[in-house]
$ cat query-v6.txt   # compact mmCIF, C-alpha atoms
# COMPACT_ATOMS: atom_id res chain seq x y z
CA LEU A 3 152.35 335.13 302.15
CA SER A 4 153.51 336.09 305.62
CA TRP A 5 152.11 338.41 308.25
CA GLN A 6 152.84 340.06 311.57
CA GLU A 7 150.26 340.46 314.33
CA PHE A 8 149.82 343.36 316.72
CA SER A 9 147.09 343.71 319.38
CA VAL A 10 145.42 346.89 320.59
CA GLU A 11 143.74 346.42 323.95
CA THR A 12 142.45 349.94 324.63
CA GLU A 13 142.41 353.42 323.14
CA PRO A 14 145.67 353.78 321.21
CA SER A 15 148.35 356.15 322.40
CA PRO A 16 151.10 357.87 320.41
CA GLN A 17 153.59 355.61 322.21
CA LEU A 18 151.77 352.49 321.01
CA VAL A 19 151.84 353.71 317.41
CA ASP A 20 155.52 354.68 317.56
CA ASP A 21 156.44 351.32 319.14
CA ALA A 22 154.60 349.43 316.39
CA VAL A 23 156.25 351.47 313.65
CA ARG A 24 159.69 350.78 315.11
CA GLU A 25 158.91 347.06 315.45
CA PHE A 26 157.53 346.49 311.96
CA ARG A 27 159.14 349.11 309.73
CA ALA A 28 161.97 346.80 308.66
CA ALA A 29 159.61 343.88 307.99
CA GLY A 30 158.64 345.05 304.51
CA ILE A 31 154.94 345.37 305.31
CA GLN A 32 152.98 345.96 302.09
CA VAL A 33 149.42 346.06 303.46
CA VAL A 34 148.00 346.81 306.92
CA LEU A 35 144.78 345.01 307.85
CA GLY A 36 142.89 346.34 310.86
CA ILE A 37 140.18 344.07 312.30
CA GLY A 38 138.32 345.36 315.35
CA GLY A 39 136.57 348.34 316.83
CA GLY A 40 137.36 352.01 316.41
CA SER A 41 140.46 351.92 318.60
CA VAL A 42 141.96 349.09 316.58
CA LEU A 43 141.17 350.80 313.28
CA ASP A 44 142.58 354.13 314.47
CA ALA A 45 145.78 352.46 315.63
CA ALA A 46 146.15 350.50 312.39
CA LYS A 47 145.46 353.65 310.36
CA ALA A 48 148.18 355.61 312.14
CA ILE A 49 150.67 352.73 311.93
CA ALA A 50 149.98 352.35 308.20
CA GLY A 51 150.57 356.05 307.77
CA LEU A 52 154.00 355.98 309.39
CA LEU A 53 155.51 352.66 308.34
CA GLY A 54 156.92 354.44 305.30
CA PRO A 55 158.11 357.77 306.73
CA GLY A 56 159.21 356.20 310.04
CA ASN A 57 158.92 359.35 312.16
CA SER A 58 156.92 359.80 315.37
CA VAL A 59 153.18 360.35 315.16
CA MET A 60 153.67 363.21 317.62
CA ASP A 61 155.08 365.21 314.71
CA HIS A 62 151.61 365.33 313.14
CA LEU A 63 149.06 365.34 315.95
CA GLU A 64 146.72 368.33 315.88
CA GLY A 65 147.06 370.71 318.81
CA VAL A 66 150.22 369.17 320.29
CA GLY A 67 153.81 369.09 319.17
CA PRO A 68 155.15 370.74 316.01
CA GLU A 69 152.10 369.82 313.84
CA LEU A 70 154.29 369.12 310.84
CA PRO A 71 152.54 368.51 307.51
CA TYR A 72 152.22 364.84 306.61
CA HIS A 73 153.73 363.95 303.24
CA GLY A 74 153.35 360.17 303.32
CA PRO A 75 153.41 357.78 301.70
CA SER A 76 150.91 355.73 303.65
CA THR A 77 151.01 351.94 303.45
CA PRO A 78 147.73 350.63 301.95
CA PHE A 79 145.23 350.02 304.75
CA ILE A 80 142.17 347.75 304.80
CA ALA A 81 139.64 348.40 307.57
CA VAL A 82 137.36 345.63 308.85
CA PRO A 83 135.10 346.99 311.62
CA THR A 84 133.68 344.62 314.25
CA THR A 85 131.67 347.31 316.05
CA ALA A 86 129.24 349.94 314.82
CA GLY A 87 130.42 353.29 316.15
CA THR A 88 132.06 356.36 314.68
CA GLY A 89 132.84 354.95 311.25
CA SER A 90 136.64 355.01 311.46
CA GLU A 91 136.58 352.73 308.42
CA ALA A 92 135.57 355.76 306.34
CA THR A 93 137.56 358.61 307.87
CA LYS A 94 140.93 360.26 307.35
CA ASN A 95 141.83 360.66 311.01
CA ALA A 96 143.28 358.41 313.70
CA VAL A 97 142.36 359.45 317.24
CA LEU A 98 145.14 358.94 319.79
CA SER A 99 145.16 359.70 323.49
CA THR A 100 147.31 359.77 326.59
CA HIS A 101 146.20 359.80 330.21
CA GLY A 102 147.37 361.72 333.25
CA PRO A 103 147.63 365.39 334.23
CA ASN A 104 148.87 366.36 330.77
CA GLY A 105 146.72 363.89 328.92
CA PHE A 106 145.06 364.63 325.60
CA LYS A 107 142.94 363.11 322.88
CA LYS A 108 144.00 364.37 319.45
CA SER A 109 143.87 363.38 315.79
CA PHE A 110 146.46 362.44 313.22
CA ARG A 111 144.58 363.54 310.11
CA ASP A 112 145.32 363.40 306.40
CA GLU A 113 143.59 362.34 303.19
CA GLN A 114 146.24 359.68 302.63
CA LEU A 115 145.07 357.87 305.78
CA VAL A 116 141.63 357.01 304.37
CA PRO A 117 141.47 353.20 304.06
CA GLU A 118 141.97 351.75 300.58
CA TYR A 119 139.10 349.36 301.29
CA ALA A 120 136.53 348.95 304.07
CA VAL A 121 134.90 345.55 304.52
CA ILE A 122 131.46 346.08 306.08
CA ASP A 123 130.01 342.73 307.18
CA PRO A 124 127.21 342.88 309.77
CA ASP A 125 127.94 339.26 310.74
CA LEU A 126 131.24 340.47 312.22
CA LEU A 127 129.18 342.47 314.74
CA ALA A 128 127.42 339.38 316.11
CA SER A 129 129.70 339.01 319.13
CA CYS A 130 129.27 342.61 320.38
CA PRO A 131 128.02 342.64 324.01
CA PRO A 132 125.01 344.84 324.83
CA HIS A 133 127.01 347.55 326.61
CA LEU A 134 129.19 348.06 323.51
CA ILE A 135 126.17 348.00 321.22
CA ALA A 136 124.61 350.81 323.27
CA ALA A 137 127.75 352.92 323.70
CA ASN A 138 128.95 352.59 320.12
CA GLY A 139 125.45 353.00 318.73
CA MET A 140 124.96 356.30 320.52
CA ASP A 141 128.41 357.35 319.33
CA ALA A 142 127.36 356.71 315.74
CA PHE A 143 124.04 358.51 316.19
CA THR A 144 125.70 361.49 317.88
CA GLN A 145 128.22 361.85 315.07
CA LEU A 146 125.43 361.71 312.48
CA LEU A 147 123.56 364.38 314.42
CA GLU A 148 126.67 366.54 314.63
CA SER A 149 127.15 366.37 310.89
CA PHE A 150 123.51 367.23 310.28
CA VAL A 151 123.52 370.39 312.41
CA SER A 152 127.03 371.51 311.45
CA SER A 153 127.26 374.94 309.86
CA LYS A 154 129.44 373.22 307.24
CA ALA A 155 126.67 370.80 306.30
CA SER A 156 125.49 370.52 302.71
CA PRO A 157 122.58 368.78 300.95
CA LEU A 158 124.88 365.78 300.43
CA THR A 159 125.93 365.49 304.08
CA ASP A 160 122.33 366.11 305.19
CA ALA A 161 121.17 363.19 303.04
CA LEU A 162 123.85 360.88 304.42
CA ALA A 163 123.30 361.93 308.03
CA TRP A 164 119.51 361.68 307.77
CA SER A 165 119.64 358.21 306.22
CA GLY A 166 122.08 357.11 308.92
CA MET A 167 119.91 358.48 311.72
CA GLU A 168 116.89 356.67 310.32
CA ALA A 169 118.90 353.44 310.27
CA ALA A 170 120.03 354.01 313.87
CA ARG A 171 116.46 354.75 314.91
CA ASP A 172 115.25 351.49 313.42
CA GLY A 173 118.22 349.29 314.21
CA LEU A 174 119.84 350.16 317.53
CA LEU A 175 117.19 349.00 319.99
CA PRO A 176 116.29 345.77 318.13
CA TRP A 177 119.96 344.83 318.00
CA TYR A 178 120.49 345.75 321.65
CA GLU A 179 117.42 343.81 322.80
CA GLY A 180 118.53 340.71 320.90
CA GLY A 181 115.15 339.52 319.68
CA HIS A 182 114.10 338.16 316.31
CA GLU A 183 114.92 341.53 314.69
CA ALA A 184 118.50 341.65 316.03
CA VAL A 185 120.11 340.54 312.76
CA ALA A 186 118.30 343.23 310.77
CA GLY A 187 119.14 345.71 313.51
CA ARG A 188 122.87 345.13 313.33
CA GLU A 189 122.71 345.43 309.54
CA LYS A 190 121.15 348.85 309.94
CA MET A 191 123.73 349.88 312.53
CA ALA A 192 126.65 348.77 310.34
CA TYR A 193 125.21 351.04 307.67
CA ALA A 194 124.62 353.89 310.15
CA ALA A 195 128.18 353.70 311.47
CA LEU A 196 129.64 353.81 307.96
CA LEU A 197 127.53 356.85 307.10
CA SER A 198 128.54 358.57 310.34
CA GLY A 199 132.14 358.45 309.15
CA ASN A 200 131.26 359.48 305.60
CA ALA A 201 129.12 362.41 306.73
CA GLU A 202 131.76 363.70 309.13
CA VAL A 203 134.47 363.60 306.47
CA LEU A 204 132.29 365.36 303.90
CA ALA A 205 131.15 368.00 306.39
CA ARG A 206 134.88 368.49 307.12
CA GLU A 207 134.55 369.49 310.76
CA ALA A 208 131.35 368.42 312.45
CA ALA A 209 129.94 370.13 315.53
CA ARG A 210 132.18 368.17 317.87
CA ASP A 211 135.07 370.42 316.77
CA ASP A 212 135.24 374.12 317.45
CA ILE A 213 136.37 376.68 314.89
CA ASN A 214 140.01 376.07 315.83
CA GLY A 215 139.71 372.32 315.20
CA ASN A 216 140.06 371.48 318.89
CA SER A 217 138.06 368.54 320.14
CA ILE A 218 135.28 369.33 322.58
CA PRO A 219 135.57 367.04 325.64
CA SER A 220 133.26 364.08 326.00
CA LYS A 221 129.56 364.79 325.78
CA ASN A 222 126.48 363.17 327.27
CA VAL A 223 123.48 362.37 325.13
CA GLY A 224 119.93 362.68 326.37
CA CYS A 225 116.38 363.47 325.32
CA GLU A 226 114.20 366.16 326.84
CA GLY A 227 110.65 365.87 325.59
CA SER A 228 110.89 365.76 321.83
CA ASN A 229 114.09 367.81 321.59
CA VAL A 230 117.36 365.94 321.30
CA ILE A 231 120.14 367.75 323.08
CA VAL A 232 123.77 366.75 323.36
CA ASP A 233 125.52 368.42 326.21
CA ARG A 234 128.89 368.88 327.80
CA ASN A 235 128.24 368.94 331.54
CA SER A 236 124.84 370.69 331.68
CA GLY A 237 125.08 372.99 328.65
CA PRO A 238 123.60 371.94 325.31
CA VAL A 239 126.01 371.77 322.39
CA PHE A 240 123.44 371.26 319.66
CA ARG A 241 121.13 374.10 318.93
CA GLN A 242 119.94 376.07 315.94
CA ASN A 243 122.75 376.45 313.43
CA ALA A 244 123.14 378.80 310.50
CA ALA A 245 120.61 376.76 308.54
CA GLY A 246 118.06 376.97 311.37
CA LYS A 247 117.97 373.21 311.84
CA TRP A 248 116.56 371.63 314.97
CA PHE A 249 114.64 368.44 314.92
CA ASN A 250 111.92 366.45 316.59
CA LEU A 251 112.34 362.71 317.10
CA ALA A 252 108.89 362.12 318.55
CA GLU A 253 106.79 363.00 315.51
CA GLY A 254 104.81 359.92 314.52
CA ASP A 255 106.95 356.95 313.54
CA GLY A 256 109.86 358.86 312.03
CA PHE A 257 112.00 361.91 312.13
CA LYS A 258 110.55 365.28 311.27
CA ALA A 259 112.68 368.32 310.60
CA ALA A 260 111.46 371.30 312.57
CA SER A 261 112.71 374.80 311.93
CA PRO A 262 113.15 376.19 314.40
CA LEU A 263 112.65 374.45 317.76
CA LYS A 264 113.70 376.44 320.79
CA PRO A 265 116.45 374.92 322.93
CA LYS A 266 115.60 374.07 326.51
CA ALA A 267 118.56 375.98 327.94
CA LYS A 268 120.96 378.71 326.96
CA PRO A 269 123.59 377.48 324.43
CA ALA A 270 127.03 376.79 325.85
CA TYR A 271 128.84 377.90 322.68
CA SER A 272 128.40 380.62 320.10
CA ALA A 273 126.75 379.85 316.75
CA GLU A 274 130.06 380.39 314.96
CA GLN A 275 131.52 377.39 316.77
CA VAL A 276 128.87 374.96 315.57

$ encode --input "query-v6.txt" --output "structure tokens"
Amino acid sequence: LSWQEFSVETEPSPQLVDDAVREFRAAGIQVVLGIGGGSVLDAAKAIAGLLGPGNSVMDHLEGVGPELPYHGPSTPFIAVPTTAGTGSEATKNAVLSTHGPNGFKKSFRDEQLVPEYAVIDPDLLASCPPHLIAANGMDAFTQLLESFVSSKASPLTDALAWSGMEAARDGLLPWYEGGHEAVAGREKMAYAALLSGNAEVLAREAARDDINGNSIPSKNVGCEGSNVIVDRNSGPVFRQNAAGKWFNLAEGDGFKAASPLKPKAKPAYSAEQV
């Protein structure tokens, strides 16, 4: 048994993926193992997808380049997450970005990119510092919320998203605070992160994507009274969708679905985009 190592220090770029494919394509790699946070898993996923074909990932990125269909084959990929965020271990897309005036953040997306196996071990989250616990935890919760209010939601995705949000509710703060309930908290967040990826895949395009599949730029999460709103700049993104779903997080000790709750401000996007 032999292996090659490759480190990902920050959000992966198309150049990083292409460089890795060129470096390792002739090495006869049979399995790609990604161990790390979402950036590491996304990079490993994209590299696994292109070790066989050998072409540039720019050929397949959504919204940039020629957007050629991906035919594979993908090298088998095993995902081992060490953070609890957007559930890349369960998704079919690798998010890549570049910086600068013409920068972008786009996805390489195909069913063949879904990991063969995902190893979910809460003990691997033990070294996460508090700032990553908070940032990644809110990322997981936001993605669960997006899937729940998506107009493409279904009873199945609702069940997954709701269970994940309950786990995030019960697990994020105890894990962040580091008390005697921290171990149980990180177990809940590992579960919530996995479901956030599952729910997004099954809902196809969650509310973070518009009807053209273009990513909405980064959003801020906040609470106003009992209404959870997720906004880009000052305009709320989440509001009543086709199913009339808004919800109240301050009802007793748990979530309570409320239909409808009025948003605090005028929606920034049309209902068709959610």

$ residues_around --input "query-v6.txt" --residues "Glu118 (chain A)" --least-positions-apart "6" --cutoff "7 Å" --atoms "only C-alpha atoms" --output "list in words"
Pro78, Phe79 and Ile80 of chain A

$ closest_atom_pairs --input "query-v6.txt" --of "region 68-105 of chain A" --to "region 45-62 of chain A" --cutoff "7 Å" --atoms "all atoms listed in the file" --output "CSV"
residue,atom,partner,partner_atom,distance
A:Pro68,CA,A:Asp61,CA,5.7
A:Glu69,CA,A:His62,CA,4.6
A:Leu70,CA,A:His62,CA,5.2
A:Pro71,CA,A:His62,CA,6.5
A:Tyr72,CA,A:His62,CA,6.6
A:Gly74,CA,A:Pro55,CA,6.3
A:Pro75,CA,A:Gly54,CA,6.0
A:Ser76,CA,A:Gly51,CA,4.1
A:Thr77,CA,A:Ala50,CA,4.9
A:Pro78,CA,A:Ala50,CA,6.9
A:Phe79,CA,A:Ala50,CA,6.3
A:Ala96,CA,A:Ala48,CA,5.9

$ atom_distance --input "query-v6.txt" --atom1 "CA of Val151 (chain A)" --atom2 "CA of Met167 (chain A)"
12.5 Å

$ axis_aligned_box --input "query-v6.txt" --around "region 175-187 of chain A" --padding-each-side "6 Å" --output "JSON"
{"center_x": 117.3, "center_y": 343.6, "center_z": 316.8, "size_x": 18.4, "size_y": 22.8, "size_z": 24.0}

$ residues_around --input "query-v6.txt" --residues "Gly40 (chain A)" --least-positions-apart "4" --cutoff "12 Å" --atoms "all atoms listed in the file" --output "PyMOL selection string"
chain A and resi 10-14+36+44-47+81-93+95-98+134+138+141-142+195-196+199

$ atom_distance --input "query-v6.txt" --atom1 "CA of Ser9 (chain A)" --atom2 "CA of Arg111 (chain A)"
22.0 Å

$ atom_distance --input "query-v6.txt" --atom1 "CA of Ala184 (chain A)" --atom2 "CA of Ala170 (chain A)"
12.6 Å

$ closest_residue --input "query-v6.txt" --among "A:Ser109, A:Ser152, A:Asn104, A:Gln145" --to "Gly65 (chain A)" --atoms "all atoms listed in the file"
A:Ser109

$ closest_residue --input "query-v6.txt" --among "A:Thr159, A:Phe143, A:Glu64, A:Glu179" --to "Met191 (chain A)" --atoms "all atoms listed in the file"
A:Phe143

$ closest_residue --input "query-v6.txt" --among "A:Gln32, A:Gln17, A:Asn200, A:Gln6" --to "Thr100 (chain A)" --atoms "all atoms listed in the file"
A:Gln17

$ residues_around --input "query-v6.txt" --residues "Leu174 (chain A)" --least-positions-apart "2" --cutoff "8 Å" --atoms "all atoms listed in the file" --output "list in words"
Ile135, Ala136, Gly139, Ala170, Arg171, Asp172, Pro176, Trp177, Tyr178, Gly187, Arg188, Lys190 and Met191 of chain A

$ closest_residue --input "query-v6.txt" --among "A:Leu35, A:Ala169, A:Ala161, A:Val42" --to "Tyr119 (chain A)" --atoms "all atoms listed in the file"
A:Leu35

$ residues_near_point --input "query-v6.txt" --point "(117.6, 363.1, 309.7)" --cutoff "7 Å" --atoms "all atoms listed in the file" --output "PyMOL selection string"
chain A and resi 163-165+167-168+257

$ decode --input "query-v6.txt" --residues "region 26-51 of chain A" --atoms "N, CA, C and O atoms" --output "short mmCIF file (atom, residue, chain, number, x, y, z; two decimals), in the first residue's frame"
data_model
loop_
_atom_site.label_atom_id
_atom_site.label_comp_id
_atom_site.auth_asym_id
_atom_site.auth_seq_id
_atom_site.Cartn_x
_atom_site.Cartn_y
_atom_site.Cartn_z
N PHE A 26 -0.78 14.10 -9.88
CA PHE A 26 -1.05 12.74 -9.42
C PHE A 26 -1.70 11.83 -10.46
O PHE A 26 -1.89 10.64 -10.20
N ARG A 27 -2.02 12.35 -11.62
CA ARG A 27 -2.78 11.54 -12.58
C ARG A 27 -1.99 10.31 -13.02
O ARG A 27 -2.57 9.23 -13.24
N ALA A 28 -0.68 10.43 -13.14
CA ALA A 28 0.13 9.30 -13.59
C ALA A 28 0.51 8.35 -12.46
O ALA A 28 1.20 7.35 -12.70
N ALA A 29 0.07 8.64 -11.24
CA ALA A 29 0.50 7.84 -10.09
C ALA A 29 -0.36 6.60 -9.87
O ALA A 29 -0.11 5.82 -8.95
N GLY A 30 -1.39 6.42 -10.68
CA GLY A 30 -2.24 5.25 -10.54
C GLY A 30 -3.09 5.26 -9.28
O GLY A 30 -3.33 4.20 -8.67
N ILE A 31 -3.57 6.44 -8.90
CA ILE A 31 -4.39 6.56 -7.69
C ILE A 31 -5.69 5.78 -7.87
O ILE A 31 -6.40 5.95 -8.85
N GLN A 32 -6.00 4.92 -6.91
CA GLN A 32 -7.22 4.11 -6.98
C GLN A 32 -8.31 4.61 -6.05
O GLN A 32 -9.49 4.32 -6.29
N VAL A 33 -7.95 5.31 -4.99
CA VAL A 33 -8.91 5.84 -4.03
C VAL A 33 -8.39 7.19 -3.55
O VAL A 33 -7.18 7.35 -3.29
N VAL A 34 -9.29 8.17 -3.42
CA VAL A 34 -8.96 9.47 -2.85
C VAL A 34 -9.61 9.56 -1.47
O VAL A 34 -10.81 9.32 -1.33
N LEU A 35 -8.80 9.88 -0.47
CA LEU A 35 -9.28 10.02 0.90
C LEU A 35 -9.12 11.47 1.32
O LEU A 35 -8.00 11.99 1.36
N GLY A 36 -10.23 12.14 1.61
CA GLY A 36 -10.19 13.53 2.05
C GLY A 36 -10.46 13.60 3.54
O GLY A 36 -11.52 13.16 3.99
N ILE A 37 -9.54 14.15 4.30
CA ILE A 37 -9.69 14.28 5.75
C ILE A 37 -9.54 15.76 6.10
O ILE A 37 -8.46 16.34 5.95
N GLY A 38 -10.62 16.39 6.55
CA GLY A 38 -10.54 17.81 6.90
C GLY A 38 -11.90 18.46 6.86
O GLY A 38 -12.94 17.80 6.89
N GLY A 39 -11.87 19.77 6.78
CA GLY A 39 -13.11 20.54 6.72
C GLY A 39 -13.67 20.58 5.31
O GLY A 39 -13.21 19.88 4.40
N GLY A 40 -14.68 21.44 5.11
CA GLY A 40 -15.36 21.50 3.83
C GLY A 40 -14.47 21.83 2.66
O GLY A 40 -14.64 21.28 1.57
N SER A 41 -13.49 22.71 2.86
CA SER A 41 -12.59 23.07 1.77
C SER A 41 -11.75 21.89 1.33
O SER A 41 -11.55 21.66 0.13
N VAL A 42 -11.27 21.13 2.31
CA VAL A 42 -10.48 19.93 1.98
C VAL A 42 -11.34 18.92 1.24
O VAL A 42 -10.92 18.34 0.22
N LEU A 43 -12.55 18.68 1.73
CA LEU A 43 -13.42 17.70 1.09
C LEU A 43 -13.83 18.13 -0.31
O LEU A 43 -13.89 17.31 -1.23
N ASP A 44 -14.10 19.42 -0.49
CA ASP A 44 -14.45 19.90 -1.83
C ASP A 44 -13.28 19.74 -2.81
O ASP A 44 -13.47 19.35 -3.96
N ALA A 45 -12.07 20.06 -2.33
CA ALA A 45 -10.90 19.90 -3.19
C ALA A 45 -10.69 18.44 -3.55
O ALA A 45 -10.47 18.09 -4.72
N ALA A 46 -10.76 17.57 -2.54
CA ALA A 46 -10.56 16.14 -2.79
C ALA A 46 -11.62 15.58 -3.73
O ALA A 46 -11.34 14.74 -4.59
N LYS A 47 -12.84 16.06 -3.56
CA LYS A 47 -13.95 15.61 -4.42
C LYS A 47 -13.69 15.98 -5.88
O LYS A 47 -13.89 15.16 -6.79
N ALA A 48 -13.27 17.21 -6.10
CA ALA A 48 -13.00 17.66 -7.47
C ALA A 48 -11.80 16.93 -8.07
O ALA A 48 -11.81 16.54 -9.24
N ILE A 49 -10.75 16.74 -7.26
CA ILE A 49 -9.57 16.03 -7.74
C ILE A 49 -9.93 14.59 -8.11
O ILE A 49 -9.54 14.08 -9.17
N ALA A 50 -10.72 13.93 -7.24
CA ALA A 50 -11.15 12.56 -7.53
C ALA A 50 -11.94 12.50 -8.83
O ALA A 50 -11.82 11.55 -9.61
N GLY A 51 -12.74 13.54 -9.07
CA GLY A 51 -13.55 13.55 -10.27
C GLY A 51 -12.77 13.69 -11.56
O GLY A 51 -13.24 13.28 -12.62
#
